[in-house]
>>> print(open('protein.cif').read())   # mmCIF, C-alpha atoms, pLDDT in the B column; chains and numbers go by the auth columns
data_work
loop_
_atom_site.group_PDB
_atom_site.id
_atom_site.type_symbol
_atom_site.label_atom_id
_atom_site.label_comp_id
_atom_site.label_asym_id
_atom_site.label_seq_id
_atom_site.Cartn_x
_atom_site.Cartn_y
_atom_site.Cartn_z
_atom_site.B_iso_or_equiv
_atom_site.auth_seq_id
_atom_site.auth_asym_id
ATOM 1 C CA MET A 1 0.000 0.000 0.000 54.00 127 A
ATOM 2 C CA SER A 2 1.392 3.376 -0.970 55.00 128 A
ATOM 3 C CA VAL A 3 1.599 6.355 1.372 46.00 129 A
ATOM 4 C CA ARG A 4 -1.135 8.030 -0.698 54.00 130 A
ATOM 5 C CA ASP A 5 -3.436 5.006 -0.319 54.00 131 A
ATOM 6 C CA LEU A 6 -2.786 4.862 3.421 43.00 132 A
ATOM 7 C CA ALA A 7 -3.566 8.573 3.776 48.00 133 A
ATOM 8 C CA LEU A 8 -6.850 8.070 1.881 46.00 134 A
ATOM 9 C CA VAL A 9 -7.841 5.161 4.142 46.00 135 A
ATOM 10 C CA LEU A 10 -7.067 7.171 7.267 48.00 136 A
ATOM 11 C CA LEU A 11 -9.057 10.116 5.954 48.00 137 A
ATOM 12 C CA LEU A 12 -12.055 7.904 5.181 48.00 138 A
ATOM 13 C CA LEU A 13 -11.902 6.345 8.649 51.00 139 A
ATOM 14 C CA SER A 14 -11.591 9.668 10.469 52.00 140 A
ATOM 15 C CA PRO A 15 -14.382 10.549 12.927 52.00 141 A
ATOM 16 C CA ALA A 16 -15.458 13.474 10.720 53.00 142 A
ATOM 17 C CA ALA A 17 -15.791 11.241 7.654 49.00 143 A
ATOM 18 C CA LEU A 18 -17.789 8.689 9.653 47.00 144 A
ATOM 19 C CA GLY A 19 -20.192 11.368 10.875 55.00 145 A
ATOM 20 C CA ALA A 20 -19.053 11.114 14.483 53.00 146 A
ATOM 21 C CA GLN A 21 -20.160 13.957 16.674 60.00 147 A
ATOM 22 C CA ALA A 22 -18.029 15.415 19.431 58.00 148 A
ATOM 23 C CA ALA A 23 -19.608 15.200 22.869 60.00 149 A
ATOM 24 C CA PRO A 24 -21.174 18.527 23.832 62.00 150 A
ATOM 25 C CA ALA A 25 -19.133 20.571 26.257 53.00 151 A
ATOM 26 C CA PRO A 26 -20.555 20.518 29.768 54.00 152 A
ATOM 27 C CA PRO A 27 -22.131 23.756 30.958 54.00 153 A
ATOM 28 C CA VAL A 28 -19.577 26.011 32.633 52.00 154 A
ATOM 29 C CA ASP A 29 -20.282 28.361 35.496 53.00 155 A
ATOM 30 C CA PRO A 30 -18.309 31.496 34.447 60.00 156 A
ATOM 31 C CA ALA A 31 -17.848 32.623 38.052 60.00 157 A
ATOM 32 C CA ALA A 32 -16.445 29.245 39.120 61.00 158 A
ATOM 33 C CA SER A 33 -14.257 29.107 36.023 83.00 159 A
ATOM 34 C CA ALA A 34 -12.787 32.550 36.722 87.00 160 A
ATOM 35 C CA ALA A 35 -12.212 31.649 40.378 91.00 161 A
ATOM 36 C CA ASP A 36 -10.547 28.378 39.414 94.00 162 A
ATOM 37 C CA SER A 37 -8.362 30.074 36.792 94.00 163 A
ATOM 38 C CA GLY A 38 -7.225 32.614 39.375 95.00 164 A
ATOM 39 C CA ALA A 39 -6.459 29.891 41.907 97.00 165 A
ATOM 40 C CA ILE A 40 -4.604 27.787 39.322 97.00 166 A
ATOM 41 C CA ARG A 41 -2.482 30.796 38.308 97.00 167 A
ATOM 42 C CA ALA A 42 -1.803 31.642 41.978 98.00 168 A
ATOM 43 C CA THR A 43 -0.655 28.051 42.617 98.00 169 A
ATOM 44 C CA ALA A 44 1.715 28.151 39.633 98.00 170 A
ATOM 45 C CA LEU A 45 3.113 31.504 40.794 98.00 171 A
ATOM 46 C CA ASP A 46 3.609 30.187 44.339 98.00 172 A
ATOM 47 C CA TYR A 47 5.777 27.494 42.744 98.00 173 A
ATOM 48 C CA VAL A 48 7.686 29.815 40.377 97.00 174 A
ATOM 49 C CA GLU A 49 8.096 32.821 42.669 97.00 175 A
ATOM 50 C CA GLY A 50 8.630 30.608 45.707 97.00 176 A
ATOM 51 C CA TRP A 51 11.573 29.049 43.884 97.00 177 A
ATOM 52 C CA TYR A 52 13.156 32.360 42.882 97.00 178 A
ATOM 53 C CA ALA A 53 12.567 33.948 46.311 97.00 179 A
ATOM 54 C CA GLY A 54 13.763 30.942 48.289 97.00 180 A
ATOM 55 C CA ASP A 55 10.345 30.876 49.967 98.00 181 A
ATOM 56 C CA ALA A 56 9.842 27.275 51.076 98.00 182 A
ATOM 57 C CA GLY A 57 6.374 28.085 52.437 98.00 183 A
ATOM 58 C CA ARG A 58 5.094 29.237 49.054 98.00 184 A
ATOM 59 C CA MET A 59 6.658 26.247 47.326 98.00 185 A
ATOM 60 C CA GLU A 60 5.152 23.826 49.833 98.00 186 A
ATOM 61 C CA ARG A 61 1.709 25.457 49.528 98.00 187 A
ATOM 62 C CA ALA A 62 1.778 24.885 45.748 98.00 188 A
ATOM 63 C CA LEU A 63 2.644 21.174 45.899 98.00 189 A
ATOM 64 C CA HIS A 64 0.705 18.048 46.688 98.00 190 A
ATOM 65 C CA PRO A 65 2.815 16.019 49.171 98.00 191 A
ATOM 66 C CA GLU A 66 2.966 13.137 46.661 98.00 192 A
ATOM 67 C CA LEU A 67 4.172 15.314 43.773 98.00 193 A
ATOM 68 C CA ALA A 68 6.440 13.737 41.170 98.00 194 A
ATOM 69 C CA LYS A 69 8.682 16.040 39.102 98.00 195 A
ATOM 70 C CA ARG A 70 10.389 14.224 36.234 98.00 196 A
ATOM 71 C CA ILE A 71 12.884 14.939 33.480 96.00 197 A
ATOM 72 C CA VAL A 72 14.379 12.742 30.759 95.00 198 A
ATOM 73 C CA ARG A 73 18.175 13.004 30.881 94.00 199 A
ATOM 74 C CA VAL A 74 20.416 11.652 28.151 93.00 200 A
ATOM 75 C CA ASP A 75 23.919 10.579 29.151 93.00 201 A
ATOM 76 C CA SER A 76 27.080 11.052 27.087 93.00 202 A
ATOM 77 C CA THR A 77 26.498 7.742 25.290 94.00 203 A
ATOM 78 C CA GLY A 78 22.972 8.736 24.231 93.00 204 A
ATOM 79 C CA ASN A 79 21.112 6.570 26.728 94.00 205 A
ATOM 80 C CA PRO A 80 18.015 8.254 28.180 94.00 206 A
ATOM 81 C CA SER A 81 16.894 7.838 31.774 94.00 207 A
ATOM 82 C CA LEU A 82 14.008 9.254 33.752 95.00 208 A
ATOM 83 C CA GLN A 83 15.049 11.248 36.808 96.00 209 A
ATOM 84 C CA GLN A 84 12.562 12.174 39.500 96.00 210 A
ATOM 85 C CA MET A 85 12.278 14.370 42.558 96.00 211 A
ATOM 86 C CA GLY A 86 9.423 14.800 44.989 97.00 212 A
ATOM 87 C CA ALA A 87 7.816 17.601 46.953 98.00 213 A
ATOM 88 C CA THR A 88 10.296 17.286 49.822 98.00 214 A
ATOM 89 C CA ALA A 89 13.284 17.867 47.512 97.00 215 A
ATOM 90 C CA LEU A 90 11.657 20.879 45.835 97.00 216 A
ATOM 91 C CA VAL A 91 10.783 22.489 49.169 98.00 217 A
ATOM 92 C CA ALA A 92 14.317 21.829 50.442 98.00 218 A
ATOM 93 C CA GLY A 93 15.777 23.372 47.256 97.00 219 A
ATOM 94 C CA ALA A 94 13.668 26.497 47.713 97.00 220 A
ATOM 95 C CA ARG A 95 14.621 26.686 51.394 97.00 221 A
ATOM 96 C CA ALA A 96 18.323 26.372 50.441 97.00 222 A
ATOM 97 C CA GLY A 97 17.884 29.364 48.122 96.00 223 A
ATOM 98 C CA TYR A 98 18.923 27.706 44.859 96.00 224 A
ATOM 99 C CA GLY A 99 16.405 29.839 42.956 96.00 225 A
ATOM 100 C CA ARG A 100 17.923 33.048 44.358 95.00 226 A
ATOM 101 C CA GLN A 101 21.014 32.276 42.263 96.00 227 A
ATOM 102 C CA THR A 102 19.071 33.458 39.194 95.00 228 A
ATOM 103 C CA PRO A 103 19.492 37.259 38.997 95.00 229 A
ATOM 104 C CA LYS A 104 16.190 39.189 39.033 94.00 230 A
ATOM 105 C CA GLU A 105 16.783 40.512 35.513 96.00 231 A
ATOM 106 C CA ARG A 106 16.994 36.906 34.211 94.00 232 A
ATOM 107 C CA GLN A 107 13.969 35.586 36.091 94.00 233 A
ATOM 108 C CA VAL A 108 11.141 34.465 33.819 95.00 234 A
ATOM 109 C CA LYS A 109 7.723 33.894 35.405 96.00 235 A
ATOM 110 C CA THR A 110 5.390 33.167 32.503 96.00 236 A
ATOM 111 C CA VAL A 111 2.381 31.014 33.401 97.00 237 A
ATOM 112 C CA ARG A 112 -0.088 29.725 30.815 95.00 238 A
ATOM 113 C CA ILE A 113 -3.138 27.669 31.700 94.00 239 A
ATOM 114 C CA LEU A 114 -3.407 25.154 28.879 92.00 240 A
ATOM 115 C CA ASP A 115 -6.607 23.377 29.903 92.00 241 A
ATOM 116 C CA VAL A 116 -9.029 23.015 32.795 92.00 242 A
ATOM 117 C CA PHE A 117 -11.497 20.168 33.046 90.00 243 A
ATOM 118 C CA GLY A 118 -13.436 19.634 36.241 91.00 244 A
ATOM 119 C CA ASN A 119 -10.922 19.266 39.050 94.00 245 A
ATOM 120 C CA THR A 120 -7.876 18.935 36.782 94.00 246 A
ATOM 121 C CA ALA A 121 -5.705 21.447 34.959 95.00 247 A
ATOM 122 C CA SER A 122 -2.626 21.521 32.715 95.00 248 A
ATOM 123 C CA VAL A 123 -0.307 24.506 33.058 97.00 249 A
ATOM 124 C CA ARG A 124 2.931 25.572 31.378 97.00 250 A
ATOM 125 C CA ALA A 125 5.399 27.607 33.446 98.00 251 A
ATOM 126 C CA ASP A 126 8.342 29.166 31.614 97.00 252 A
ATOM 127 C CA MET A 127 11.278 29.955 33.855 96.00 253 A
ATOM 128 C CA ALA A 128 14.772 31.274 33.177 95.00 254 A
ATOM 129 C CA ASP A 129 16.479 27.938 32.562 95.00 255 A
ATOM 130 C CA TRP A 130 13.641 25.461 32.002 96.00 256 A
ATOM 131 C CA VAL A 131 9.993 24.891 31.129 97.00 257 A
ATOM 132 C CA ASP A 132 7.663 23.005 33.470 98.00 258 A
ATOM 133 C CA TYR A 133 4.499 21.268 32.285 98.00 259 A
ATOM 134 C CA MET A 134 2.357 20.933 35.403 98.00 260 A
ATOM 135 C CA GLN A 135 -0.679 18.825 36.105 98.00 261 A
ATOM 136 C CA MET A 136 -2.811 20.214 38.895 98.00 262 A
ATOM 137 C CA ALA A 137 -5.740 18.836 40.828 98.00 263 A
ATOM 138 C CA LYS A 138 -8.307 20.501 43.037 97.00 264 A
ATOM 139 C CA VAL A 139 -7.940 18.631 46.331 97.00 265 A
ATOM 140 C CA ASP A 140 -10.092 19.558 49.319 96.00 266 A
ATOM 141 C CA GLY A 141 -11.103 22.777 47.517 94.00 267 A
ATOM 142 C CA ARG A 142 -7.482 23.844 46.828 96.00 268 A
ATOM 143 C CA TRP A 143 -5.480 23.640 43.584 98.00 269 A
ATOM 144 C CA VAL A 144 -2.140 21.836 43.990 98.00 270 A
ATOM 145 C CA ILE A 145 0.529 20.586 41.606 98.00 271 A
ATOM 146 C CA VAL A 146 0.624 16.777 41.460 98.00 272 A
ATOM 147 C CA ASN A 147 2.943 16.151 38.478 98.00 273 A
ATOM 148 C CA VAL A 148 5.602 18.128 36.635 98.00 274 A
ATOM 149 C CA LEU A 149 7.397 17.102 33.449 98.00 275 A
ATOM 150 C CA TRP A 150 10.196 19.513 32.679 97.00 276 A
ATOM 151 C CA GLU A 151 12.930 20.254 30.190 96.00 277 A
ATOM 152 C CA MET A 152 16.029 22.418 30.415 94.00 278 A
ATOM 153 C CA ARG A 153 16.442 25.271 27.939 91.00 279 A
ATOM 154 C CA ARG A 154 19.361 24.985 25.560 84.00 280 A
ATOM 155 C CA ARG A 155 22.086 27.478 26.276 74.00 281 A
ATOM 156 C CA SER A 156 23.087 29.636 23.342 63.00 282 A
#
>>> encode(input="protein.cif", output="structure tokens")
Amino acid sequence: MSVRDLALVLLLLSPAALGAQAAPAPPVDPAASAADSGAIRATALDYVEGWYAGDAGRMERALHPELAKRIVRVDSTGNPSLQQMGATALVAGARAGYGRQTPKERQVKTVRILDVFGNTASVRADMADWVDYMQMAKVDGRWVIVNVLWEMRRRS
């Protein structure tokens, strides 16, 4: 089968071609949505600004105690491995002031809410030397970060 034939088959089997309908979006309470968005942003900023300020309290407030922060590292031979740290290590790093080593003029604190669905949210936080993709959950009425997948920025 040629690439063209395969593309035609995939197009014909697509949900749109089969007449599939997307599920209707659930009704959204604009007030709750705005409140949640504000709380999600505040949680992300507690994490980001808590890191830069060396404020362990802000960092701890942002994190679920069972948080997993992961990065894929590739060694000098090209072998990838998954490295992980938890909430305790992040709070200890903030308390030690590692984030204060980034000069204020280099600090980046960009937070973008990518998606919110019910009691879950995906957020991107751009910082000076890396990008964090956060998964948050609303637990006991409070938004907390439960997972982070991150990547270092390439140095120019």
>>> residues_around(input="protein.cif", residues="Ser248 of chain A", least_positions_apart="2", cutoff="12 Å", atoms="all atoms listed in the file", output="CSV table (one decimal) with C-alpha atoms, in the coordinates of the input")
chain,number,residue,atom,x,y,z
A,163,SER,CA,-8.4,30.1,36.8
A,166,ILE,CA,-4.6,27.8,39.3
A,167,ARG,CA,-2.5,30.8,38.3
A,170,ALA,CA,1.7,28.2,39.6
A,237,VAL,CA,2.4,31.0,33.4
A,238,ARG,CA,-0.1,29.7,30.8
A,239,ILE,CA,-3.1,27.7,31.7
A,240,LEU,CA,-3.4,25.2,28.9
A,241,ASP,CA,-6.6,23.4,29.9
A,242,VAL,CA,-9.0,23.0,32.8
A,243,PHE,CA,-11.5,20.2,33.0
A,244,GLY,CA,-13.4,19.6,36.2
A,245,ASN,CA,-10.9,19.3,39.0
A,246,THR,CA,-7.9,18.9,36.8
A,250,ARG,CA,2.9,25.6,31.4
A,251,ALA,CA,5.4,27.6,33.4
A,258,ASP,CA,7.7,23.0,33.5
A,259,TYR,CA,4.5,21.3,32.3
A,260,MET,CA,2.4,20.9,35.4
A,261,GLN,CA,-0.7,18.8,36.1
A,262,MET,CA,-2.8,20.2,38.9
A,263,ALA,CA,-5.7,18.8,40.8
A,264,LYS,CA,-8.3,20.5,43.0
A,269,TRP,CA,-5.5,23.6,43.6
A,270,VAL,CA,-2.1,21.8,44.0
A,271,ILE,CA,0.5,20.6,41.6
A,272,VAL,CA,0.6,16.8,41.5
A,273,ASN,CA,2.9,16.2,38.5
A,274,VAL,CA,5.6,18.1,36.6
A,275,LEU,CA,7.4,17.1,33.4
>>> atom_distance(input="protein.cif", atom1="atom CA of Met211 of chain A", atom2="atom CA of Ala194 of chain A")
6.0 Å
>>> resolve_selection(input="protein.cif", expression="the PyMOL selection byres ((chain A and resi 226) around 9)", output="ChimeraX atom specification")
/A:177-180,220,223-225,227-230
>>> atom_distance(input="protein.cif", atom1="atom CA of Trp276 of chain A", atom2="atom CA of Trp256 of chain A")
6.9 Å
>>> residues_around(input="protein.cif", residues="Glu186 of chain A", least_positions_apart="6", cutoff="12 Å", atoms="only C-alpha atoms", output="count of residues only")
24
>>> closest_residue(input="protein.cif", among="A:Leu171, A:Ala182, A:Val265, A:Ala247", to="Val234 of chain A", atoms="only C-alpha atoms")
A:Leu171
>>> atom_distance(input="protein.cif", atom1="atom CA of Arg279 of chain A", atom2="atom CA of Ala254 of chain A")
8.1 Å
